[in-house]
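A.B. asks: Okay, here's the structure, questions in a sec.
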Amino acid sequence: MPVKVRLNQILQERGMSQRELARLTGLRPNTISHLCSNTANSIYFDTLEVICKTLHIRIEELVEIE
């Protein structure tokens, strides 16, 4: 089951940079970059939870299962 992370699209819609999200979440900029480019080999639920809480979104808005 391929999983698509819509993080780049969400950040663009909000006018927020990857660097700003990294600062707000405390996650490494590389982690945010990999999620934005859909090149992450694995994704931790804790990471998704932090991003969702920071952006005030549900996980269903962030992750799309194809």
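Identifiers in the structure tokens: chain A, B, ... in order shown; residue index from 1 per chain; ligand index from 1 in order shown.
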Might you pull out every residue within 8 Å of stretch 21-32 of chain A, with only C-alpha atoms counted and same-chain residues fewer than 3 positions away left off, and present them as a count of residues only?

C.D. replies: 10

A.B. asks: Step one, run DSSP on the backbone; step two, keep only residues of chain A assigned to alpha helix (DSSP H); then write them as an NGL selection string.

C.D. replies: :A and (7-14 or 18-25 or 29-36 or 45-55 or 59-62)

A.B. asks: One number please: atom CA of A:Asp46 to atom CA of A:Glu13, in Å, one decimal.

C.D. replies: 23.4 Å

A.B. asks: Write out as a list in words each polymer residue whose atoms come within 6 Å of A:Leu62, counting only C-alpha atoms; drop sequence neighbours fewer than 3 positions from it.

C.D. replies: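 Listed by chain and then number, they are Val5, Arg6 and Ile59 of chain A.
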
A.B. asks: Between A:Ser33, A:Glu20, A:Thr39, A:Glu49, which is the closest to A:Lys4 once you count only C-alpha atoms?

C.D. replies: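 Closest candidate: A:Thr39.
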
A.B. asks: For A:Glu61, list every protein, DNA or RNA residue within 10 Å, evaluated using only C-alpha atoms, and leave out those in the same chain fewer than 2 positions away; present the list as an MDAnalysis selection string.

C.D. replies: chainID A and resid 5:7 10 52 57:59 63:64

A.B. asks: Return as a list in words the full set of residues in chain A whose backbone-based DSSP assignment is strand (DSSP E or B).

C.D. replies: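 So, restricting chain A to strand (DSSP E or B), we get Val3, Lys4, Val5, Val63, Glu64 and Ile65 of chain A.
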
A.B. asks: For the residues selected in the previous step, produce a file with N, CA, C and O atoms as a PDB file, in the first residue's frame.

C.D. replies:
ATOM      1  N   VAL A   3       1.922   5.009   0.414  1.00  0.00           N
ATOM      2  CA  VAL A   3       1.451   6.093   1.272  1.00  0.00           C
ATOM      3  C   VAL A   3       2.014   7.399   0.740  1.00  0.00           C
ATOM      4  O   VAL A   3       3.205   7.506   0.458  1.00  0.00           O
ATOM      5  N   LYS A   4       1.148   8.382   0.613  1.00  0.00           N
ATOM      6  CA  LYS A   4       1.574   9.705   0.155  1.00  0.00           C
ATOM      7  C   LYS A   4       1.407  10.687   1.307  1.00  0.00           C
ATOM      8  O   LYS A   4       0.344  10.766   1.917  1.00  0.00           O
ATOM      9  N   VAL A   5       2.462  11.413   1.595  1.00  0.00           N
ATOM     10  CA  VAL A   5       2.415  12.435   2.632  1.00  0.00           C
ATOM     11  C   VAL A   5       2.200  13.774   1.933  1.00  0.00           C
ATOM     12  O   VAL A   5       2.964  14.153   1.051  1.00  0.00           O
ATOM     13  N   VAL A  63      -1.795  12.329   5.584  1.00  0.00           N
ATOM     14  CA  VAL A  63      -1.375  11.079   4.950  1.00  0.00           C
ATOM     15  C   VAL A  63      -2.495  10.533   4.091  1.00  0.00           C
ATOM     16  O   VAL A  63      -3.645  10.456   4.525  1.00  0.00           O
ATOM     17  N   GLU A  64      -2.131  10.161   2.876  1.00  0.00           N
ATOM     18  CA  GLU A  64      -3.089   9.584   1.934  1.00  0.00           C
ATOM     19  C   GLU A  64      -2.615   8.168   1.594  1.00  0.00           C
ATOM     20  O   GLU A  64      -1.475   7.977   1.174  1.00  0.00           O
ATOM     21  N   ILE A  65      -3.469   7.191   1.803  1.00  0.00           N
ATOM     22  CA  ILE A  65      -3.121   5.817   1.451  1.00  0.00           C
ATOM     23  C   ILE A  65      -3.741   5.520   0.096  1.00  0.00           C
ATOM     24  O   ILE A  65      -4.950   5.632  -0.079  1.00  0.00           O
TER      25      ILE A  65
END
